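These notes concern the structure reproduced below.
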Amino acid sequence: MKAVHKRTPVLKDCPTHYCPGCGHGIAHRLLAEVIDELGIQGRTIGIAPVGCAVLAYNYLDVDMIEVAHGRAPAVATGMKRTNPDSIVFSYQGDGDLAAIGTAEILHAAHRAEPLTVIFINNAVFGMTGGQMAPTTTLGQVTATTPAGRQARGEGYPLQVSEILALLPGTIYVERCALSGVARINRAKTAMKHAFQLQMDGAPGLSLVEILSPCPTYWRLSPANAMKWIEEEMSKVFPIARLKG
Amino acid sequence: MSARILMCGNEALAEAAILAGCDAYFGYPITPQNEITAYMSRRMAEEERVFVQSESELAAINMVFGAAATGKRTMTSSSSPGISLMQEGMSFLAGAELPAVVVNVMRGGPGLGNIAPSQGDYFQATRGGGHGDYRTVVLGPSRVQELADCMLLAFDLADQYRITVMVLADGILGQMMEPVVLEARQRRDLPAKDWALTGAEGREQNIVRSLWLAEGALEGLNNKLQAKYQQIQENEVLCEEYRMDDAEVVIVAYGIVARIARTAVDKAREQGVNVGLIRPITLWPFPTKQISAAAETFRMFLAVEMSCGQMIEDVQLAVAGKCPVLLHGRPGGGVPSVDEILEKIRQLTIRTGAV
């Protein structure tokens with residue numbers, strides 16, 4: 001008998017609280033594989049956001065902290081500055097990073113903090129019940145845009161990664177997706193690169209945005225949610241290496 | 001640095017923090033405490049420690065949160081409006097039981113207020129300030145030397161109890177220059193920080209959190225916090241009593257106001273009125289027992305503060321109706337004078353027929 005697939009050690013052996021078809025499980029697994037493959041479990045500190053992934057420390061077997069909504073890049077700054085040999089990453093959703101935490105991510109990038117940021121974009125606020133996020137697409141129905149998001153009054157989808165890529169303090173920005181095997185493999189490569197840069201002491205912030213399905217609040221089947229990423233979401237948020 | 005030197009309060013407390021082993025300072029400019037940030041930017045670099053000018057007070061307190069979680073001695077400083085912004089982080093520090101030191105060089109409020117000295121943040125400081133059932137230790141020094149000396153105490157208390165310690169100064173204390181002696185002193189015997197996030201090499205994962213969703217879990221955390229607060233109240237109260245033995249009128253005042261009150265005590269006694277002073281040094285825990293004991297023999301109490309009457313509520317709680325408690329308060333940048341206090345004492349003693 002030959003093992004063809006096994007649990008990667010950093011991913012804990014426990015039941016998940018995420019909804020069926022949610023992308024967080026895949027993203028967690030990729031993150032765990034990357035940490036294992038780079039051999040940095042013993043010196044990694046992770047930051048969980050406020051949002052569905054607030055319990056990420058239940059799944060990832062590294063030292064972790066839970067922080068106030070949106071403040072992860074400031075907390076990460078405090079950690080990395082005082083512990084330059086630690087590998088510090090934040091894992092943040094679109095409400096966390098692109099709404100309440102825009103100041104913190106912008107300024108951490110602007111100061112060129114050598115951090116790794118995993119940015120999960122699922123175009124809604126998941127934990128609070130599917131409200132509009134800054135990344136909600138035009139026309140998308142959410143709990144707080146019952147008629148579909150209108151540009152007038154509710155604004156346009158916010159492309160944070162493009163904004164951050166403009167700053168001299170970011171060294172690597174890539175937008176990936178979880179909609180298919182090739183995409184997932186690319187997301188893992190991107191995450192690994194973002195960690196590798198920090199390990200190498202590269203002078204700036206690395207960010208990997210991941211378009212991730214939320215079948216529950218998109219009101220789609222898991223399979224159709226993946227399709228929606230490919231057919232709709234990626235038009236607004238082009239899947240591309242934006243910098244570095 | 002053990003010579004007697006002339007320094008303003010802001011710089012003295014900054015140097016004292018360095019001597020106390022502060023590994024990292026995070027701050028955002030605001031008057032009247034800008035000397036701290038400027039001093040730290042230079043000195044922390046010289047010491048090869050961490051200084052970051054943050055993009056906001058919100059970020060500063062969260063940088064403190066991050067550094068504290070890794071077991072480092074860390075602090076921030078600000079003044080009233082900036083401290084309001086930090087309350088989110090202070091609630092999280094309390095929930096996560098992380099040690100931190102926060103200096104508030106108070107100015108007049110509410111709102112943008114002014115940049116004059118004030119004690120208007122007493123409620124916010126001593127009642128927790130942010131959301132949830134929590135406390136921070138609050139130190140209220142009244143001299144530049146005492147302000148400097150309380151920095152080591154602040155870091156030690158923070159580490160010993162895994163709590164935020166606020167040093168509550170005001171615009172006068174921060175700006176005024178006085179001779180100080182600054183020297184490194186011995187830390188308390190402190191528990192190991194085995195909870196710190198340092199990477200899980202060779203041990204189980206450490207988690208720093210303040211979210212407790214399971215039924216009863218958060219109640220458990222709160223009960224644990226309350227037990228800790230109880231211990232602090234029993235062991236860490238500091239206050240000074242001045243000419244209290246035969247005092248018929250007791251002034252209660254803290255910080256810079258206590259120095260004015262002390263002069264008023266001497267002057268009143270020259271005029272034949274027996275006045276004493278109780279000066280709380282820890283504002284939380286408040287010297288309730290000391291004031292309560294003083295109220296056992298009938299006396300009049302006069303709370304003097306640079307606010308509309310905030311500390312007076314703690315005095316009233318301690319006195320518990322046994323004696324009259326009156327107020328002389330000057331809000332919004334007003335500073336009580338010795339003559340004002342004497343006049344208040346005169347009115348008081350005439351009205352009640354005492355003396």
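By order in the structure tokens, chains are A, B, ...; within a chain, residues start at 1; ligands start at 1, following the order shown.
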
Show which residues sit within 8 Å of Asp159 in chain B, as a list in words. Count only C-alpha atoms, and ignore same-chain residues fewer than 4 positions away.
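Surrounding residues, per the criterion: Pro99, Ala100, Phe155, Ile163, Leu190 and Pro191 of chain B.
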
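Those residues that approach Asn34 in chain B to within 12 Å, counting only C-alpha atoms, are B:Cys8, B:Gly9, B:Asn10, B:Glu11, B:Ala14, B:Gly27, B:Tyr28, B:Pro29, B:Ile30, B:Thr31, B:Thr37, B:Ala38, B:Tyr39, B:Met40, B:Ser41, B:Gln53, B:Thr76, B:Ser77, B:Ser78, B:Ser79, B:Val103, B:Asn104, B:Val105, B:Ile115, B:Gly171, B:Gly174, B:Gln175; same-chain residues fewer than 3 positions away are not listed.
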
Exercise answer, chain A residues close to chain B, 7 Å and only C-alpha atoms, as JSON, numbers by chain
{"A": [41, 42, 43, 44, 45, 61, 62, 63, 64, 65, 66, 71, 74, 75, 76, 77, 78, 79, 81, 82, 104, 107]}

Enumerate, as a PyMOL selection string, the complete set of residues in range 23-124 of chain B that a backbone-based DSSP assignment places in alpha helix (DSSP H).
chain B and resi 34-46+57-69+80-85+87-96+122-124

Export, as a compact mmCIF listing (two decimals), in the first residue's frame, the selected residues with C-alpha atoms.
```txt
# COMPACT_ATOMS: atom_id res chain seq x y z
CA ASN B 34 4.93 65.23 21.96
CA GLU B 35 8.23 65.30 23.85
CA ILE B 36 7.76 61.61 24.64
CA THR B 37 7.46 60.56 21.01
CA ALA B 38 10.34 62.77 19.90
CA TYR B 39 12.58 61.59 22.76
CA MET B 40 11.77 57.94 22.09
CA SER B 41 12.48 58.29 18.37
CA ARG B 42 16.05 59.25 19.21
CA ARG B 43 16.77 57.20 22.33
CA MET B 44 15.16 53.91 21.27
CA ALA B 45 17.30 53.97 18.13
CA GLU B 46 20.41 54.58 20.24
CA GLU B 57 -3.62 55.91 18.03
CA LEU B 58 -5.71 52.92 16.99
CA ALA B 59 -2.69 51.46 15.23
CA ALA B 60 -0.35 52.42 18.09
CA ILE B 61 -2.31 50.47 20.70
CA ASN B 62 -2.57 47.51 18.33
CA MET B 63 1.19 47.57 17.74
CA VAL B 64 1.50 47.47 21.52
CA PHE B 65 -0.94 44.53 21.47
CA GLY B 66 1.28 42.68 19.01
CA ALA B 67 4.57 43.36 20.81
CA ALA B 68 3.03 42.53 24.20
CA ALA B 69 1.74 39.21 22.85
CA SER B 80 -7.03 62.51 26.02
CA PRO B 81 -8.55 62.39 22.48
CA GLY B 82 -5.91 59.86 21.46
CA ILE B 83 -6.58 57.76 24.54
CA SER B 84 -10.26 57.65 23.57
CA LEU B 85 -9.24 56.13 20.24
CA GLN B 87 -10.05 52.20 24.11
CA GLU B 88 -10.82 49.42 21.62
CA GLY B 89 -7.29 48.09 22.00
CA MET B 90 -7.35 48.48 25.77
CA SER B 91 -10.46 46.33 26.01
CA PHE B 92 -8.77 43.68 23.85
CA LEU B 93 -5.60 43.87 25.99
CA ALA B 94 -7.78 43.23 29.05
CA GLY B 95 -9.61 40.33 27.42
CA ALA B 96 -6.39 38.76 26.16
CA TYR B 122 -10.48 60.05 35.52
CA PHE B 123 -13.71 58.15 34.85
CA GLN B 124 -12.41 56.73 31.58
```

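Taking CA of Thr282 in chain B and CA of Ser142 in chain B as the two end points, the separation is 11.3 Å.
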
Run DSSP on the backbone of this structure and report the residues of range 36-240 of chain A it assigns to strand (DSSP E or B), as number ranges by chain.
A: 44-48, 60, 63-66, 87-93, 116-121, 124-125, 131-132, 142, 145, 170-177, 205-211

Mind writing the picked residues with C-alpha atoms as a CSV table (one decimal), in the first residue's frame?
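selection-v1.csv was written with the following content:
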```csv
chain,number,residue,atom,x,y,z
A,44,THR,CA,5.7,31.4,12.7
A,45,ILE,CA,3.1,33.6,14.4
A,46,GLY,CA,-0.3,33.9,12.7
A,47,ILE,CA,-2.9,36.5,13.1
A,48,ALA,CA,-6.6,35.6,12.9
A,60,LEU,CA,-3.5,25.9,12.2
A,63,ASP,CA,1.3,30.3,17.6
A,64,MET,CA,-1.6,32.5,16.9
A,65,ILE,CA,-3.4,35.6,18.1
A,66,GLU,CA,-6.9,36.9,17.6
A,87,ILE,CA,7.7,34.8,10.4
A,88,VAL,CA,4.5,36.8,10.9
A,89,PHE,CA,1.4,36.5,8.7
A,90,SER,CA,-2.1,37.9,8.9
A,91,TYR,CA,-5.1,36.1,7.4
A,92,GLN,CA,-7.8,38.6,6.8
A,93,GLY,CA,-11.2,38.7,5.0
A,116,THR,CA,2.9,38.2,4.7
A,117,VAL,CA,-0.8,39.0,4.2
A,118,ILE,CA,-3.3,36.4,3.0
A,119,PHE,CA,-6.4,38.3,1.9
A,120,ILE,CA,-9.5,36.2,1.5
A,121,ASN,CA,-12.0,38.0,-0.8
A,124,VAL,CA,-19.5,39.5,1.5
A,125,PHE,CA,-19.4,39.8,5.2
A,131,GLN,CA,-24.0,41.9,4.3
A,132,MET,CA,-22.4,44.0,1.6
A,142,THR,CA,-26.7,40.8,-0.1
A,145,THR,CA,-28.3,45.4,-0.7
A,170,THR,CA,4.8,46.3,-1.3
A,171,ILE,CA,7.2,43.9,-3.0
A,172,TYR,CA,4.7,41.3,-4.1
A,173,VAL,CA,1.0,41.4,-4.8
A,174,GLU,CA,-0.9,38.6,-6.6
A,175,ARG,CA,-4.6,37.8,-6.9
A,176,CYS,CA,-5.4,34.1,-7.1
A,177,ALA,CA,-8.6,32.1,-6.9
A,205,LEU,CA,5.1,43.6,2.3
A,206,SER,CA,3.7,40.7,0.4
A,207,LEU,CA,0.1,40.1,-0.2
A,208,VAL,CA,-1.8,37.3,-1.8
A,209,GLU,CA,-5.5,38.0,-2.5
A,210,ILE,CA,-7.6,34.9,-2.9
A,211,LEU,CA,-11.1,34.9,-4.5
```

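Residues within 8 Å of Gly109 in chain B, counting only C-alpha atoms and excluding same-chain residues fewer than 2 positions away, are Ser80, Pro81, Arg107, Gly111, Leu112, Gly113, Asn114, Ser118, Gly120 and Gly332 of chain B.
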
Residues near Leu348 in chain B, anyone? I mean within 12 Å using only C-alpha atoms, not counting same-chain ones fewer than 2 positions away, as JSON, numbers by chain.
{"B": [248, 249, 250, 251, 273, 275, 299, 300, 301, 302, 324, 325, 326, 327, 328, 341, 342, 343, 344, 345, 346, 350, 351, 352, 353, 354, 355]}

Store the residues picked out above in a file with N, CA and C atoms, as a PDB file, in the first residue's frame.
```pdb
ATOM      1  N   GLU B 248      -9.400  68.151  60.663  1.00  0.00           N
ATOM      2  CA  GLU B 248     -10.864  68.203  60.707  1.00  0.00           C
ATOM      3  C   GLU B 248     -11.428  68.327  59.300  1.00  0.00           C
ATOM      4  N   VAL B 249     -10.632  68.876  58.440  1.00  0.00           N
ATOM      5  CA  VAL B 249     -10.998  68.928  57.024  1.00  0.00           C
ATOM      6  C   VAL B 249      -9.963  68.099  56.262  1.00  0.00           C
ATOM      7  N   VAL B 250     -10.432  67.176  55.450  1.00  0.00           N
ATOM      8  CA  VAL B 250      -9.513  66.321  54.698  1.00  0.00           C
ATOM      9  C   VAL B 250      -9.645  66.629  53.210  1.00  0.00           C
ATOM     10  N   ILE B 251      -8.576  67.110  52.642  1.00  0.00           N
ATOM     11  CA  ILE B 251      -8.578  67.303  51.191  1.00  0.00           C
ATOM     12  C   ILE B 251      -8.156  65.987  50.543  1.00  0.00           C
ATOM     13  N   VAL B 273      -6.813  76.467  60.996  1.00  0.00           N
ATOM     14  CA  VAL B 273      -7.762  75.408  60.623  1.00  0.00           C
ATOM     15  C   VAL B 273      -6.979  74.112  60.414  1.00  0.00           C
ATOM     16  N   VAL B 275      -6.271  71.160  58.722  1.00  0.00           N
ATOM     17  CA  VAL B 275      -6.557  70.523  57.433  1.00  0.00           C
ATOM     18  C   VAL B 275      -5.495  69.458  57.169  1.00  0.00           C
ATOM     19  N   ARG B 299     -15.298  64.152  60.085  1.00  0.00           N
ATOM     20  CA  ARG B 299     -14.463  65.135  59.398  1.00  0.00           C
ATOM     21  C   ARG B 299     -15.210  65.600  58.166  1.00  0.00           C
ATOM     22  N   MET B 300     -14.745  66.690  57.615  1.00  0.00           N
ATOM     23  CA  MET B 300     -15.296  67.101  56.327  1.00  0.00           C
ATOM     24  C   MET B 300     -14.296  66.747  55.243  1.00  0.00           C
ATOM     25  N   PHE B 301     -14.787  66.297  54.133  1.00  0.00           N
ATOM     26  CA  PHE B 301     -13.910  65.928  53.020  1.00  0.00           C
ATOM     27  C   PHE B 301     -14.101  66.911  51.872  1.00  0.00           C
ATOM     28  N   LEU B 302     -12.997  67.294  51.294  1.00  0.00           N
ATOM     29  CA  LEU B 302     -13.041  68.197  50.145  1.00  0.00           C
ATOM     30  C   LEU B 302     -12.228  67.571  49.011  1.00  0.00           C
ATOM     31  N   PRO B 324     -19.701  64.701  55.394  1.00  0.00           N
ATOM     32  CA  PRO B 324     -19.961  65.456  54.152  1.00  0.00           C
ATOM     33  C   PRO B 324     -18.749  65.415  53.215  1.00  0.00           C
ATOM     34  N   VAL B 325     -19.026  65.351  51.925  1.00  0.00           N
ATOM     35  CA  VAL B 325     -17.952  65.365  50.916  1.00  0.00           C
ATOM     36  C   VAL B 325     -18.269  66.471  49.922  1.00  0.00           C
ATOM     37  N   LEU B 326     -17.380  67.432  49.836  1.00  0.00           N
ATOM     38  CA  LEU B 326     -17.620  68.542  48.906  1.00  0.00           C
ATOM     39  C   LEU B 326     -16.562  68.595  47.821  1.00  0.00           C
ATOM     40  N   LEU B 327     -16.867  69.428  46.846  1.00  0.00           N
ATOM     41  CA  LEU B 327     -16.004  69.459  45.659  1.00  0.00           C
ATOM     42  C   LEU B 327     -15.483  70.852  45.374  1.00  0.00           C
ATOM     43  N   HIS B 328     -14.216  70.921  45.022  1.00  0.00           N
ATOM     44  CA  HIS B 328     -13.758  72.105  44.298  1.00  0.00           C
ATOM     45  C   HIS B 328     -13.157  71.608  42.983  1.00  0.00           C
ATOM     46  N   ILE B 341      -8.726  77.166  47.186  1.00  0.00           N
ATOM     47  CA  ILE B 341      -8.936  76.033  48.107  1.00  0.00           C
ATOM     48  C   ILE B 341      -9.176  76.557  49.532  1.00  0.00           C
ATOM     49  N   LEU B 342      -8.389  77.577  49.915  1.00  0.00           N
ATOM     50  CA  LEU B 342      -8.563  78.158  51.253  1.00  0.00           C
ATOM     51  C   LEU B 342      -9.947  78.763  51.408  1.00  0.00           C
ATOM     52  N   GLU B 343     -10.405  79.426  50.373  1.00  0.00           N
ATOM     53  CA  GLU B 343     -11.731  80.042  50.398  1.00  0.00           C
ATOM     54  C   GLU B 343     -12.807  78.970  50.548  1.00  0.00           C
ATOM     55  N   LYS B 344     -12.619  77.878  49.835  1.00  0.00           N
ATOM     56  CA  LYS B 344     -13.574  76.762  49.896  1.00  0.00           C
ATOM     57  C   LYS B 344     -13.602  76.182  51.315  1.00  0.00           C
ATOM     58  N   ILE B 345     -12.435  76.074  51.917  1.00  0.00           N
ATOM     59  CA  ILE B 345     -12.349  75.549  53.291  1.00  0.00           C
ATOM     60  C   ILE B 345     -13.059  76.504  54.255  1.00  0.00           C
ATOM     61  N   ARG B 346     -12.858  77.803  54.009  1.00  0.00           N
ATOM     62  CA  ARG B 346     -13.472  78.814  54.889  1.00  0.00           C
ATOM     63  C   ARG B 346     -15.007  78.710  54.824  1.00  0.00           C
ATOM     64  N   ILE B 350     -17.370  77.582  58.001  1.00  0.00           N
ATOM     65  CA  ILE B 350     -18.390  78.516  58.499  1.00  0.00           C
ATOM     66  C   ILE B 350     -19.761  77.851  58.447  1.00  0.00           C
ATOM     67  N   ARG B 351     -20.035  77.236  57.293  1.00  0.00           N
ATOM     68  CA  ARG B 351     -21.349  76.650  57.079  1.00  0.00           C
ATOM     69  C   ARG B 351     -21.663  75.558  58.104  1.00  0.00           C
ATOM     70  N   THR B 352     -20.688  74.747  58.387  1.00  0.00           N
ATOM     71  CA  THR B 352     -20.960  73.621  59.277  1.00  0.00           C
ATOM     72  C   THR B 352     -20.654  73.958  60.729  1.00  0.00           C
ATOM     73  N   GLY B 353     -20.108  75.159  60.952  1.00  0.00           N
ATOM     74  CA  GLY B 353     -19.824  75.553  62.318  1.00  0.00           C
ATOM     75  C   GLY B 353     -18.615  74.863  62.936  1.00  0.00           C
ATOM     76  N   ALA B 354     -17.885  74.181  62.134  1.00  0.00           N
ATOM     77  CA  ALA B 354     -16.702  73.489  62.651  1.00  0.00           C
ATOM     78  C   ALA B 354     -15.591  74.487  62.930  1.00  0.00           C
ATOM     79  N   VAL B 355     -14.605  74.094  63.634  1.00  0.00           N
ATOM     80  CA  VAL B 355     -13.388  74.824  64.041  1.00  0.00           C
ATOM     81  C   VAL B 355     -13.691  75.839  65.151  1.00  0.00           C
TER      82      VAL B 355
END
```

Pick from A:Lys12, A:Arg241, A:His24, A:Arg149 nearest to Ala165 in chain A, counting only C-alpha atoms:
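Of A:Lys12, A:Arg241, A:His24, A:Arg149, the one nearest Ala165 in chain A is A:Arg241, counting only C-alpha atoms.
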
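With distances restricted to only C-alpha atoms, B:Met151 is the closest residue to Leu13 in chain B from B:Met151, B:Leu157, B:Ala258, B:Met166.
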
Please provide the set of residues having any atom within 9 Å of Tyr134 in chain B, restricted to only C-alpha atoms, with same-chain residues fewer than 5 positions apart removed, written as an NGL selection string.
:B and (91 or 94-95 or 127-129 or 222 or 225-226 or 229)

Grab the residues selected above and save them as an mmCIF file, in the first residue's frame with C-alpha atoms.
```cif
data_model
loop_
_atom_site.group_PDB
_atom_site.id
_atom_site.type_symbol
_atom_site.label_atom_id
_atom_site.label_comp_id
_atom_site.auth_asym_id
_atom_site.auth_seq_id
_atom_site.Cartn_x
_atom_site.Cartn_y
_atom_site.Cartn_z
ATOM 1 C CA SER B 91 -10.459 46.326 26.010
ATOM 2 C CA ALA B 94 -7.784 43.234 29.052
ATOM 3 C CA GLY B 95 -9.613 40.331 27.419
ATOM 4 C CA ARG B 127 -13.547 52.470 35.025
ATOM 5 C CA GLY B 128 -11.827 50.496 32.301
ATOM 6 C CA GLY B 129 -12.673 52.908 29.490
ATOM 7 C CA ASN B 222 -14.548 37.355 33.662
ATOM 8 C CA LEU B 225 -10.263 38.682 35.784
ATOM 9 C CA GLN B 226 -12.293 39.792 38.794
ATOM 10 C CA TYR B 229 -8.562 42.663 40.243
#
```

So that I can check the surroundings of Gly180 in chain A, please list as a ChimeraX atom specification every protein, DNA and RNA residue that reaches within 12 Å of it, counting only C-alpha atoms and ignoring chain neighbours fewer than 2 positions away.
/A:23,26,176-178,182-187,211-213,222-230
